[in-house]
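S.K.: Next comes the structure file protein.json, holding JSON, C-alpha atoms.
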```
[["chain", "number", "residue", "atom", "x", "y", "z"],
["A", 1, "MET", "CA", -13.41, 200.27, -52.38],
["A", 2, "SER", "CA", -14.45, 197.98, -55.20],
["A", 3, "ASP", "CA", -17.61, 195.90, -54.88],
["A", 4, "ASN", "CA", -15.70, 193.14, -56.63],
["A", 5, "ASN", "CA", -13.42, 192.04, -53.81],
["A", 6, "PRO", "CA", -10.65, 189.70, -55.02],
["A", 7, "PHE", "CA", -9.63, 188.97, -51.42],
["A", 8, "ASN", "CA", -13.06, 188.03, -50.11],
["A", 9, "HIS", "CA", -11.98, 184.37, -49.90],
["A", 10, "LEU", "CA", -9.36, 185.38, -47.32],
["A", 11, "SER", "CA", -11.91, 186.83, -44.88],
["A", 12, "GLY", "CA", -13.25, 185.07, -41.81],
["A", 13, "THR", "CA", -15.87, 185.77, -39.19],
["A", 14, "PHE", "CA", -13.90, 188.44, -37.31],
["A", 15, "VAL", "CA", -11.18, 189.39, -39.79],
["A", 16, "LYS", "CA", -12.22, 190.99, -43.08],
["A", 17, "VAL", "CA", -9.92, 191.39, -46.09],
["A", 18, "SER", "CA", -10.54, 193.69, -49.04],
["A", 19, "ALA", "CA", -8.63, 195.34, -51.89],
["A", 20, "PRO", "CA", -8.84, 199.16, -51.74],
["A", 21, "MET", "CA", -6.27, 199.44, -54.54],
["A", 22, "ALA", "CA", -3.98, 197.28, -56.64],
["A", 23, "TYR", "CA", -1.61, 195.01, -54.71],
["A", 24, "VAL", "CA", -2.87, 196.18, -51.29],
["A", 25, "ALA", "CA", -4.66, 193.86, -48.85],
["A", 26, "TYR", "CA", -6.70, 195.81, -46.31],
["A", 27, "VAL", "CA", -7.32, 193.77, -43.15],
["A", 28, "GLU", "CA", -9.96, 194.88, -40.65],
["A", 29, "LEU", "CA", -10.60, 193.55, -37.15],
["A", 30, "LEU", "CA", -14.32, 193.22, -36.45],
["A", 31, "ARG", "CA", -15.63, 191.66, -33.26],
["A", 32, "ASN", "CA", -18.22, 193.82, -31.55],
["A", 33, "PRO", "CA", -18.39, 195.62, -29.29],
["A", 34, "VAL", "CA", -14.67, 196.32, -28.59],
["A", 35, "ASN", "CA", -12.61, 193.86, -30.68],
["A", 36, "ALA", "CA", -11.84, 191.82, -27.55],
["A", 37, "PHE", "CA", -9.88, 188.73, -28.54],
["A", 38, "ASN", "CA", -11.00, 185.21, -27.73],
["A", 39, "GLU", "CA", -9.28, 182.10, -29.06],
["A", 40, "PRO", "CA", -11.34, 181.86, -32.29],
["A", 41, "PHE", "CA", -10.53, 185.52, -33.03],
["A", 42, "TRP", "CA", -6.76, 185.29, -32.58],
["A", 43, "THR", "CA", -6.66, 181.92, -34.35],
["A", 44, "GLU", "CA", -8.50, 183.40, -37.31],
["A", 45, "LEU", "CA", -6.16, 186.40, -37.39],
["A", 46, "GLY", "CA", -3.18, 184.07, -37.69],
["A", 47, "ASN", "CA", -4.86, 181.96, -40.36],
["A", 48, "VAL", "CA", -5.80, 185.03, -42.42],
["A", 49, "PHE", "CA", -2.25, 186.38, -42.40],
["A", 50, "ASP", "CA", -0.87, 182.96, -43.33],
["A", 51, "LYS", "CA", -3.25, 182.87, -46.30],
["A", 52, "ILE", "CA", -2.35, 186.42, -47.31],
["A", 53, "SER", "CA", 1.31, 185.37, -47.26],
["A", 54, "GLU", "CA", 0.62, 183.01, -50.18],
["A", 55, "GLU", "CA", -1.19, 185.54, -52.36],
["A", 56, "PRO", "CA", 0.97, 186.55, -55.36],
["A", 57, "SER", "CA", -1.18, 189.64, -56.05],
["A", 58, "VAL", "CA", -0.42, 191.18, -52.63],
["A", 59, "ARG", "CA", 2.56, 193.49, -52.15],
["A", 60, "VAL", "CA", 1.65, 195.30, -48.93],
["A", 61, "VAL", "CA", -0.91, 194.90, -46.12],
["A", 62, "VAL", "CA", -2.74, 197.53, -44.07],
["A", 63, "LEU", "CA", -4.16, 196.39, -40.72],
["A", 64, "ALA", "CA", -6.82, 198.41, -38.90],
["A", 65, "SER", "CA", -9.97, 198.13, -36.83],
["A", 66, "ALA", "CA", -13.38, 198.18, -38.49],
["A", 67, "LEU", "CA", -14.88, 199.69, -35.34],
["A", 68, "PRO", "CA", -15.16, 203.49, -35.37],
["A", 69, "LYS", "CA", -14.11, 204.18, -31.78],
["A", 70, "LEU", "CA", -11.19, 201.86, -31.03],
["A", 71, "PHE", "CA", -8.54, 199.44, -32.24],
["A", 72, "SER", "CA", -8.95, 196.71, -29.58],
["A", 73, "ALA", "CA", -9.58, 196.39, -25.87],
["A", 74, "GLY", "CA", -7.22, 193.39, -25.77],
["A", 75, "ILE", "CA", -8.06, 189.94, -24.42],
["A", 76, "ASP", "CA", -11.65, 188.94, -23.78],
["A", 77, "PHE", "CA", -11.17, 187.62, -20.25],
["A", 78, "THR", "CA", -14.81, 186.55, -20.03],
["A", 79, "ALA", "CA", -14.12, 183.95, -22.74],
["A", 80, "LEU", "CA", -10.59, 183.01, -21.69],
["A", 81, "SER", "CA", -10.23, 179.32, -20.90],
["A", 82, "LEU", "CA", -6.81, 177.95, -19.98],
["A", 83, "PRO", "CA", -5.97, 174.22, -20.11],
["A", 84, "ASN", "CA", -5.82, 172.82, -16.60],
["A", 85, "ASN", "CA", -6.23, 169.06, -16.75],
["A", 86, "GLY", "CA", -4.99, 167.16, -13.74],
["A", 87, "SER", "CA", -3.30, 168.22, -10.51],
["A", 88, "ASP", "CA", 0.39, 167.81, -11.34],
["A", 89, "PRO", "CA", 1.98, 171.28, -11.81],
["A", 90, "ALA", "CA", 4.52, 169.99, -14.34],
["A", 91, "ARG", "CA", 1.85, 168.44, -16.56],
["A", 92, "ILE", "CA", -0.30, 171.56, -16.31],
["A", 93, "ALA", "CA", 2.75, 173.63, -17.25],
["A", 94, "PHE", "CA", 3.30, 171.56, -20.40],
["A", 95, "GLN", "CA", -0.33, 172.14, -21.40],
["A", 96, "LEU", "CA", -0.11, 175.87, -20.72],
["A", 97, "ARG", "CA", 3.17, 176.17, -22.62],
["A", 98, "LYS", "CA", 1.59, 174.55, -25.69],
["A", 99, "HIS", "CA", -1.35, 176.94, -25.42],
["A", 100, "ILE", "CA", 0.92, 180.01, -25.13],
["A", 101, "LEU", "CA", 3.13, 178.93, -28.04],
["A", 102, "GLY", "CA", 0.06, 178.45, -30.25],
["A", 103, "PHE", "CA", -1.21, 181.90, -29.29],
["A", 104, "GLN", "CA", 2.22, 183.46, -29.99],
["A", 105, "ASP", "CA", 2.34, 181.76, -33.37],
["A", 106, "CYS", "CA", -0.99, 183.32, -34.40],
["A", 107, "ILE", "CA", 0.22, 186.85, -33.68],
["A", 108, "SER", "CA", 3.65, 186.15, -35.19],
["A", 109, "ALA", "CA", 1.88, 185.37, -38.47],
["A", 110, "ILE", "CA", 1.81, 189.15, -38.96],
["A", 111, "GLU", "CA", 5.60, 189.39, -38.69],
["A", 112, "ARG", "CA", 6.32, 186.33, -40.83],
["A", 113, "CYS", "CA", 4.05, 187.62, -43.59],
["A", 114, "PRO", "CA", 6.57, 188.30, -46.39],
["A", 115, "PHE", "CA", 4.86, 191.58, -47.31],
["A", 116, "PRO", "CA", 5.23, 194.80, -45.29],
["A", 117, "VAL", "CA", 2.39, 195.23, -42.81],
["A", 118, "ILE", "CA", 1.32, 198.80, -41.97],
["A", 119, "VAL", "CA", -0.90, 199.11, -38.90],
["A", 120, "ALA", "CA", -3.25, 202.05, -38.36],
["A", 121, "ALA", "CA", -4.31, 202.30, -34.72],
["A", 122, "HIS", "CA", -6.92, 204.57, -33.20],
["A", 123, "GLY", "CA", -8.84, 204.92, -29.94],
["A", 124, "ILE", "CA", -8.15, 202.30, -27.28],
["A", 125, "ALA", "CA", -5.25, 199.94, -28.01],
["A", 126, "PHE", "CA", -4.75, 197.92, -24.85],
["A", 127, "GLY", "CA", -2.92, 194.72, -23.95],
["A", 128, "LEU", "CA", -2.89, 192.34, -26.91],
["A", 129, "SER", "CA", -3.20, 195.38, -29.20],
["A", 130, "VAL", "CA", 0.41, 196.24, -28.38],
["A", 131, "ASP", "CA", 1.50, 192.66, -29.14],
["A", 132, "ILE", "CA", -0.22, 192.92, -32.53],
["A", 133, "ILE", "CA", 1.07, 196.41, -33.31],
["A", 134, "SER", "CA", 4.64, 195.51, -32.38],
["A", 135, "ALA", "CA", 4.52, 192.62, -34.88],
["A", 136, "CYS", "CA", 3.86, 195.08, -37.73],
["A", 137, "ASP", "CA", 6.54, 196.69, -39.87],
["A", 138, "VAL", "CA", 5.25, 200.26, -39.95],
["A", 139, "ARG", "CA", 3.11, 201.62, -37.13],
["A", 140, "TYR", "CA", 0.86, 204.69, -37.46],
["A", 141, "ALA", "CA", -1.45, 205.99, -34.74],
["A", 142, "ALA", "CA", -4.29, 208.48, -34.78],
["A", 143, "SER", "CA", -3.81, 211.34, -32.33],
["A", 144, "ASN", "CA", -6.66, 209.99, -30.19],
["A", 145, "THR", "CA", -5.01, 206.59, -29.64],
["A", 146, "VAL", "CA", -4.48, 205.46, -26.05],
["A", 147, "PHE", "CA", -2.10, 202.55, -25.50],
["A", 148, "SER", "CA", -1.43, 200.34, -22.49],
["A", 149, "ILE", "CA", 0.83, 197.34, -21.85],
["A", 150, "LYS", "CA", -1.99, 196.14, -19.64],
["A", 151, "GLU", "CA", -0.88, 192.64, -18.66],
["A", 152, "VAL", "CA", 0.82, 193.65, -15.40],
["A", 153, "ASP", "CA", -2.56, 194.90, -14.13],
["A", 154, "VAL", "CA", -4.04, 191.41, -14.44],
["A", 155, "GLY", "CA", -1.15, 189.67, -12.73],
["A", 156, "LEU", "CA", 1.07, 188.45, -15.53],
["A", 157, "ALA", "CA", 3.96, 189.42, -17.77],
["A", 158, "ALA", "CA", 3.03, 190.08, -21.39],
["A", 159, "ASP", "CA", 3.80, 186.85, -23.23],
["A", 160, "ILE", "CA", 2.56, 187.17, -26.83],
["A", 161, "GLY", "CA", 5.24, 189.43, -28.28],
["A", 162, "THR", "CA", 5.29, 192.83, -26.60],
["A", 163, "LEU", "CA", 8.25, 192.10, -24.31],
["A", 164, "ALA", "CA", 10.09, 190.18, -27.06],
["A", 165, "ARG", "CA", 9.75, 192.80, -29.80],
["A", 166, "LEU", "CA", 9.53, 196.22, -28.16],
["A", 167, "PRO", "CA", 13.12, 196.23, -26.80],
["A", 168, "LYS", "CA", 14.27, 195.74, -30.41],
["A", 169, "ILE", "CA", 11.88, 198.34, -31.81],
["A", 170, "VAL", "CA", 11.95, 201.30, -29.45],
["A", 171, "GLY", "CA", 14.74, 203.73, -28.66],
["A", 172, "ASN", "CA", 13.74, 204.74, -25.14],
["A", 173, "HIS", "CA", 14.24, 201.67, -22.96],
["A", 174, "SER", "CA", 13.74, 203.56, -19.72],
["A", 175, "LEU", "CA", 10.27, 204.63, -20.84],
["A", 176, "LEU", "CA", 9.52, 201.12, -22.09],
["A", 177, "HIS", "CA", 10.34, 199.65, -18.67],
["A", 178, "GLU", "CA", 8.21, 202.30, -16.97],
["A", 179, "LEU", "CA", 5.20, 201.54, -19.18],
["A", 180, "ALA", "CA", 5.60, 197.76, -18.86],
["A", 181, "TYR", "CA", 5.99, 197.85, -15.05],
["A", 182, "THR", "CA", 3.08, 200.23, -14.39],
["A", 183, "GLY", "CA", 0.59, 199.28, -17.12],
["A", 184, "ARG", "CA", -0.42, 202.94, -17.26],
["A", 185, "ASN", "CA", -2.10, 204.47, -20.29],
["A", 186, "PHE", "CA", 0.08, 206.39, -22.72],
["A", 187, "SER", "CA", -0.84, 208.66, -25.62],
["A", 188, "ALA", "CA", 0.01, 208.53, -29.30],
["A", 189, "ALA", "CA", 2.50, 211.36, -28.74],
["A", 190, "GLU", "CA", 4.24, 209.33, -26.02],
["A", 191, "ALA", "CA", 4.18, 206.25, -28.26],
["A", 192, "GLU", "CA", 6.00, 208.27, -30.90],
["A", 193, "LYS", "CA", 8.52, 209.41, -28.29],
["A", 194, "LEU", "CA", 8.98, 205.77, -27.29],
["A", 195, "GLY", "CA", 9.51, 204.75, -30.91],
["A", 196, "LEU", "CA", 6.48, 202.45, -31.02],
["A", 197, "VAL", "CA", 4.90, 204.48, -33.84],
["A", 198, "SER", "CA", 6.59, 206.42, -36.61],
["A", 199, "GLN", "CA", 3.75, 208.83, -37.31],
["A", 200, "VAL", "CA", 0.91, 210.38, -35.32],
["A", 201, "VAL", "CA", -1.95, 211.36, -37.62],
["A", 202, "GLN", "CA", -4.27, 214.11, -36.43],
["A", 203, "GLY", "CA", -7.81, 212.79, -36.14],
["A", 204, "SER", "CA", -9.18, 209.31, -35.59],
["A", 205, "ARG", "CA", -9.88, 206.15, -37.59],
["A", 206, "ASP", "CA", -10.57, 207.61, -41.02],
["A", 207, "GLU", "CA", -7.55, 209.89, -41.00],
["A", 208, "VAL", "CA", -5.00, 207.33, -39.85],
["A", 209, "ILE", "CA", -6.28, 204.69, -42.28],
["A", 210, "ALA", "CA", -6.07, 207.19, -45.13],
["A", 211, "ALA", "CA", -2.43, 207.91, -44.19],
["A", 212, "ALA", "CA", -1.64, 204.19, -44.01],
["A", 213, "LEU", "CA", -3.23, 203.54, -47.41],
["A", 214, "THR", "CA", -1.27, 206.42, -48.94],
["A", 215, "LEU", "CA", 1.94, 204.83, -47.71],
["A", 216, "ALA", "CA", 0.77, 201.40, -48.90],
["A", 217, "LYS", "CA", 0.20, 202.76, -52.41],
["A", 218, "GLN", "CA", 3.78, 204.09, -52.48],
["A", 219, "VAL", "CA", 5.21, 200.75, -51.35],
["A", 220, "ALA", "CA", 3.03, 198.77, -53.76],
["A", 221, "GLU", "CA", 4.51, 200.67, -56.70],
["A", 222, "LYS", "CA", 8.01, 199.41, -55.90],
["A", 223, "SER", "CA", 9.56, 196.17, -57.11],
["A", 224, "PRO", "CA", 7.98, 193.32, -55.11],
["A", 225, "VAL", "CA", 11.28, 191.45, -55.29],
["A", 226, "ALA", "CA", 13.06, 194.43, -53.73],
["A", 227, "VAL", "CA", 10.42, 195.06, -51.06],
["A", 228, "LEU", "CA", 10.05, 191.44, -49.97],
["A", 229, "GLY", "CA", 13.81, 191.10, -49.86],
["A", 230, "THR", "CA", 14.15, 194.28, -47.82],
["A", 231, "LYS", "CA", 11.68, 193.09, -45.19],
["A", 232, "HIS", "CA", 13.35, 189.69, -45.04],
["A", 233, "LEU", "CA", 16.82, 191.18, -44.60],
["A", 234, "LEU", "CA", 15.69, 193.74, -42.03],
["A", 235, "LEU", "CA", 14.19, 190.99, -39.86],
["A", 236, "HIS", "CA", 17.36, 188.93, -40.30],
["A", 237, "ALA", "CA", 19.48, 191.93, -39.27],
["A", 238, "ARG", "CA", 17.42, 192.40, -36.13],
["A", 239, "ASP", "CA", 18.18, 188.88, -34.93],
["A", 240, "HIS", "CA", 21.82, 188.55, -36.08],
["A", 241, "THR", "CA", 25.12, 190.38, -35.87],
["A", 242, "ILE", "CA", 26.13, 192.90, -38.55],
["A", 243, "ARG", "CA", 28.71, 190.50, -39.95],
["A", 244, "GLU", "CA", 26.22, 187.62, -40.10],
["A", 245, "ASN", "CA", 23.67, 189.82, -41.86],
["A", 246, "LEU", "CA", 26.19, 191.10, -44.41],
["A", 247, "GLU", "CA", 27.22, 187.53, -45.21],
["A", 248, "TYR", "CA", 23.59, 186.45, -45.51],
["A", 249, "THR", "CA", 22.73, 189.48, -47.67],
["A", 250, "SER", "CA", 25.55, 188.63, -50.08],
["A", 251, "VAL", "CA", 24.04, 185.19, -50.63],
["A", 252, "TRP", "CA", 20.49, 186.55, -50.87],
["A", 253, "ASN", "CA", 21.36, 189.23, -53.40],
["A", 254, "SER", "CA", 23.55, 186.92, -55.46],
["A", 255, "ALA", "CA", 20.21, 185.45, -56.50],
["A", 256, "MET", "CA", 17.98, 188.52, -56.34],
["A", 257, "LEU", "CA", 20.29, 190.76, -58.39],
["A", 258, "GLN", "CA", 19.32, 188.60, -61.36],
["A", 259, "THR", "CA", 15.71, 189.84, -61.24],
["A", 260, "GLU", "CA", 14.19, 191.47, -64.30],
["A", 261, "ASP", "CA", 12.85, 194.17, -61.96],
["A", 262, "LEU", "CA", 16.33, 195.69, -61.77],
["A", 263, "VAL", "CA", 16.51, 196.01, -65.55],
["A", 264, "ASN", "CA", 12.98, 197.43, -65.73],
["A", 265, "ALA", "CA", 13.74, 200.01, -63.05],
["A", 266, "VAL", "CA", 16.91, 201.20, -64.81],
["A", 267, "LYS", "CA", 15.19, 201.44, -68.21],
["A", 268, "ALA", "CA", 12.27, 203.37, -66.71],
["A", 269, "ALA", "CA", 14.66, 205.79, -64.99],
["A", 270, "GLN", "CA", 16.48, 206.41, -68.25],
["A", 271, "LYS", "CA", 13.17, 207.21, -69.95],
["A", 272, "LYS", "CA", 12.01, 209.26, -66.93],
["A", 273, "GLN", "CA", 9.00, 206.97, -66.57],
["A", 274, "LYS", "CA", 7.51, 205.18, -63.62],
["A", 275, "PRO", "CA", 8.57, 201.50, -63.73],
["A", 276, "LYS", "CA", 6.01, 198.72, -63.84],
["A", 277, "PHE", "CA", 6.71, 195.39, -62.21],
["A", 278, "GLY", "CA", 5.06, 192.07, -62.89],
["A", 279, "PRO", "CA", 3.35, 189.86, -60.30],
["A", 280, "MET", "CA", 5.36, 187.43, -58.21],
["A", 281, "GLY", "CA", 3.79, 184.51, -60.06],
["A", 282, "SER", "CA", 2.00, 181.54, -58.54],
["A", 283, "LYS", "CA", 1.24, 181.21, -54.84],
["A", 284, "LEU", "CA", 4.30, 182.01, -52.77]]
```
Rewrite the structure of this file - the entire thing - as structure tokens.
M.R.:
Amino acid sequence: MSDNNPFNHLSGTFVKVSAPMAYVAYVELLRNPVNAFNEPFWTELGNVFDKISEEPSVRVVVLASALPKLFSAGIDFTALSLPNNGSDPARIAFQLRKHILGFQDCISAIERCPFPVIVAAHGIAFGLSVDIISACDVRYAASNTVFSIKEVDVGLAADIGTLARLPKIVGNHSLLHELAYTGRNFSAAEAEKLGLVSQVVQGSRDEVIAAALTLAKQVAEKSPVAVLGTKHLLLHARDHTIRENLEYTSVWNSAMLQTEDLVNAVKAAQKKQKPKFGPMGSKL
């Protein structure tokens, strides 16, 4: 990775951003000893992804842990402080709801990032890890990854995205229910069977990150107009009927078909050359 990091201004205390190659933002989670999330950590993660979303030189993001042995142990319960002012249950509920919505919004920053986000998980990936991973577009896991939808073991239903997104991601709903009800550990191979991850990479951190960066390079070479539009339309399709998405896509592409990227791609194909696409312009 280059010593001259153009994305250094995006980094925070616990979330580091670098540029391993052109158009790729590499985001690393770094809070020793186990990447346990407290409020400053998850707030910073959301802020970093919101800032990345405005970077015109980014086309794809890779998310991983900077720690060699694991992705994240989940929530740091030793630092967890819930609002509880007063004795009226309704007023306490309003405070807690605001807190939960703010937390959800930080993790959803990954999904609303206009660029594809590829996550590379390894080692332990418990609790909030699954919320984070399920918010990503492409999910790779090292063969040594151990997952758990852990929330049921601490007396609550997962509320930051796992239960909202996984039913729309995975293909084996029976297995999903089993894992969510029991909180048991499951392997990378079982995660692939579930549909949570699309590829299991033999090895650990280095190997899965290398695979994710290889994919990122391939995506970064495509038209950014086409890739951003594809992510946008895929998310729209997930939350709408087929007819609604087709109607929406017709409006979207009535504008996007006018891009110069289409002309450049056709000309490059005719010359049997790899097309080159310009930056998106000013901050998005």
S.K.: Using all atoms listed in the file, what table do you get, as a tab-separated table, when you list each residue of region 99-211 of chain A with an atom no more than 8 Å from region 34-52 of chain A, its nearest pair of atoms, and their distance in Å rounded to one decimal, rows by chain then rising number?
M.R.:
```
residue	atom	partner	partner_atom	distance
A:Phe103	CA	A:Trp42	CA	7.3
A:Asp105	CA	A:Gly46	CA	7.4
A:Cys106	CA	A:Gly46	CA	4.0
A:Ile107	CA	A:Gly46	CA	5.9
A:Ser108	CA	A:Gly46	CA	7.6
A:Ala109	CA	A:Gly46	CA	5.3
A:Ile110	CA	A:Phe49	CA	6.0
A:Cys113	CA	A:Phe49	CA	6.5
```
S.K.: Enclose the full set of atoms of region 134-140 of chain A listed in the file within a box whose edges lie along x, y and z, apply 6 Å of padding to each of the six sides, and report centre and edge lengths in Å to one decimal as JSON.
M.R.:
```
{"center_x": 3.7, "center_y": 198.7, "center_z": -36.2, "size_x": 17.7, "size_y": 24.1, "size_z": 19.6}
```
S.K.: Do you have the CA of Val60 (chain A)-CA of Asp137 (chain A) distance handy?
M.R.: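 We find that CA of Val60 (chain A) and CA of Asp137 (chain A) lie 10.4 Å from each other.
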S.K.: Quote the spacing between CA of Gly183 (chain A) and CA of Glu151 (chain A) in Å to one decimal place.
M.R.: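 Separating CA of Gly183 (chain A) from CA of Glu151 (chain A) is a distance of 7.0 Å.
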S.K.: May I have the residues within 9 Å of Glu28 (chain A) as a list in words, using all atoms listed in the file and disregarding those fewer than 6 positions away in the same chain?
M.R.: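 In the requested format, the answer is Phe14, Val15, Lys16, Val17, Ser18, Val62, Leu63, Ala64, Ser65, Ala66 and Leu67 of chain A.
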S.K.: Which value, in Å to one decimal, gives the distance between CA of Asn84 (chain A) and CA of Lys98 (chain A)?
M.R.: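 Computing it gives 11.9 Å between the two atoms.
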S.K.: Under the rule that only C-alpha atoms are counted, which of A:Ala216, A:Ala265, A:Val208, A:Val152 is the nearest residue to Pro20 (chain A)?
M.R.: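 Checking each of A:Ala216, A:Ala265, A:Val208, A:Val152 against Pro20 (chain A), counting only C-alpha atoms, the winner is A:Ala216.
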S.K.: Pick out the closest residue to Ile169 (chain A) from this set: A:Asp239, A:Phe126, A:Ser204, A:His9. Count all atoms listed in the file.
M.R.: A:Asp239
S.K.: When you look at Ser143 (chain A) with a cut-off of 10 Å (counting only C-alpha atoms), what residues show up, excluding the ones that are within fewer than 4 positions of it in the same chain? I need them as a PyMOL selection string.
M.R.: chain A and resi 121-123+187-189+199-205+207-208
S.K.: Restricting the calculation to only C-alpha atoms, which member of A:Ile149, A:Ala158, A:Ala141, A:Leu163 is positioned closest to Arg184 (chain A)?
M.R.: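 Residue with the minimum atom-to-atom distance to Arg184 (chain A): A:Ile149.
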S.K.: Name the closest residue to Ala191 (chain A) among the candidates A:Thr145, A:Gln104, A:Thr249, A:Gln95; distances are taken between atoms, counting only C-alpha atoms.
M.R.: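 Of A:Thr145, A:Gln104, A:Thr249, A:Gln95, the one nearest Ala191 (chain A) is A:Thr145, counting only C-alpha atoms.
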S.K.: For Ala226 (chain A), which residue out of A:Ala211, A:Leu246, A:Ala157, A:Met280 is the nearest one, using all atoms listed in the file?
M.R.: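 Of all the options, A:Met280 lies closest to Ala226 (chain A).
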S.K.: Show which residues sit within 12 Å of Arg238 (chain A), as a PDB file with C-alpha atoms, in the coordinates of the input. Count all atoms listed in the file, and ignore same-chain residues fewer than 5 positions away.
M.R.:
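Dumped to part-v1.pdb:
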```
ATOM      1  CA  ALA A 164      10.090 190.180 -27.060  1.00  0.00           C
ATOM      2  CA  ARG A 165       9.750 192.800 -29.800  1.00  0.00           C
ATOM      3  CA  LEU A 166       9.530 196.220 -28.160  1.00  0.00           C
ATOM      4  CA  PRO A 167      13.120 196.230 -26.800  1.00  0.00           C
ATOM      5  CA  LYS A 168      14.270 195.740 -30.410  1.00  0.00           C
ATOM      6  CA  ILE A 169      11.880 198.340 -31.810  1.00  0.00           C
ATOM      7  CA  LYS A 231      11.680 193.090 -45.190  1.00  0.00           C
ATOM      8  CA  HIS A 232      13.350 189.690 -45.040  1.00  0.00           C
ATOM      9  CA  LEU A 233      16.820 191.180 -44.600  1.00  0.00           C
ATOM     10  CA  GLU A 244      26.220 187.620 -40.100  1.00  0.00           C
ATOM     11  CA  ASN A 245      23.670 189.820 -41.860  1.00  0.00           C
TER      12      ASN A 245
END
```
S.K.: Place N, CA and C atoms on region 73-90 of chain A and deliver the coordinates as a PDB file, in the frame of the given file.
M.R.:
```
ATOM      1  N   ALA A  73      -9.680 196.336 -27.329  1.00  0.00           N
ATOM      2  CA  ALA A  73      -9.580 196.390 -25.870  1.00  0.00           C
ATOM      3  C   ALA A  73      -8.659 195.307 -25.321  1.00  0.00           C
ATOM      4  N   GLY A  74      -8.140 194.438 -26.207  1.00  0.00           N
ATOM      5  CA  GLY A  74      -7.220 193.390 -25.770  1.00  0.00           C
ATOM      6  C   GLY A  74      -7.907 192.044 -25.641  1.00  0.00           C
ATOM      7  N   ILE A  75      -7.510 191.286 -24.640  1.00  0.00           N
ATOM      8  CA  ILE A  75      -8.060 189.940 -24.420  1.00  0.00           C
ATOM      9  C   ILE A  75      -9.479 190.011 -23.868  1.00  0.00           C
ATOM     10  N   ASP A  76     -10.314 189.109 -24.343  1.00  0.00           N
ATOM     11  CA  ASP A  76     -11.650 188.940 -23.780  1.00  0.00           C
ATOM     12  C   ASP A  76     -11.548 187.953 -22.612  1.00  0.00           C
ATOM     13  N   PHE A  77     -11.376 188.482 -21.412  1.00  0.00           N
ATOM     14  CA  PHE A  77     -11.170 187.620 -20.250  1.00  0.00           C
ATOM     15  C   PHE A  77     -12.417 186.841 -19.877  1.00  0.00           C
ATOM     16  N   THR A  78     -13.582 187.290 -20.332  1.00  0.00           N
ATOM     17  CA  THR A  78     -14.810 186.550 -20.030  1.00  0.00           C
ATOM     18  C   THR A  78     -14.869 185.232 -20.807  1.00  0.00           C
ATOM     19  N   ALA A  79     -14.111 185.158 -21.902  1.00  0.00           N
ATOM     20  CA  ALA A  79     -14.120 183.950 -22.740  1.00  0.00           C
ATOM     21  C   ALA A  79     -12.811 183.180 -22.638  1.00  0.00           C
ATOM     22  N   LEU A  80     -11.905 183.633 -21.770  1.00  0.00           N
ATOM     23  CA  LEU A  80     -10.590 183.010 -21.690  1.00  0.00           C
ATOM     24  C   LEU A  80     -10.669 181.701 -20.911  1.00  0.00           C
ATOM     25  N   SER A  81     -10.229 180.637 -21.542  1.00  0.00           N
ATOM     26  CA  SER A  81     -10.230 179.320 -20.900  1.00  0.00           C
ATOM     27  C   SER A  81      -8.850 178.704 -21.064  1.00  0.00           C
ATOM     28  N   LEU A  82      -8.157 178.511 -19.944  1.00  0.00           N
ATOM     29  CA  LEU A  82      -6.810 177.950 -19.980  1.00  0.00           C
ATOM     30  C   LEU A  82      -6.854 176.452 -19.687  1.00  0.00           C
ATOM     31  N   PRO A  83      -6.018 175.663 -20.382  1.00  0.00           N
ATOM     32  CA  PRO A  83      -5.970 174.220 -20.110  1.00  0.00           C
ATOM     33  C   PRO A  83      -5.491 173.960 -18.687  1.00  0.00           C
ATOM     34  N   ASN A  84      -6.184 173.097 -17.990  1.00  0.00           N
ATOM     35  CA  ASN A  84      -5.820 172.820 -16.600  1.00  0.00           C
ATOM     36  C   ASN A  84      -6.305 171.419 -16.235  1.00  0.00           C
ATOM     37  N   ASN A  85      -5.813 170.436 -16.978  1.00  0.00           N
ATOM     38  CA  ASN A  85      -6.230 169.060 -16.750  1.00  0.00           C
ATOM     39  C   ASN A  85      -5.270 168.371 -15.780  1.00  0.00           C
ATOM     40  N   GLY A  86      -5.801 167.871 -14.710  1.00  0.00           N
ATOM     41  CA  GLY A  86      -4.990 167.160 -13.740  1.00  0.00           C
ATOM     42  C   GLY A  86      -4.508 168.070 -12.617  1.00  0.00           C
ATOM     43  N   SER A  87      -3.756 167.485 -11.695  1.00  0.00           N
ATOM     44  CA  SER A  87      -3.300 168.220 -10.510  1.00  0.00           C
ATOM     45  C   SER A  87      -1.791 168.381 -10.458  1.00  0.00           C
ATOM     46  N   ASP A  88      -1.068 167.731 -11.365  1.00  0.00           N
ATOM     47  CA  ASP A  88       0.390 167.810 -11.340  1.00  0.00           C
ATOM     48  C   ASP A  88       0.855 169.110 -11.989  1.00  0.00           C
ATOM     49  N   PRO A  89       1.556 169.975 -11.249  1.00  0.00           N
ATOM     50  CA  PRO A  89       1.980 171.280 -11.810  1.00  0.00           C
ATOM     51  C   PRO A  89       2.811 171.146 -13.069  1.00  0.00           C
ATOM     52  N   ALA A  90       3.678 170.142 -13.148  1.00  0.00           N
ATOM     53  CA  ALA A  90       4.520 169.990 -14.340  1.00  0.00           C
ATOM     54  C   ALA A  90       3.679 169.679 -15.571  1.00  0.00           C
TER      55      ALA A  90
END
```
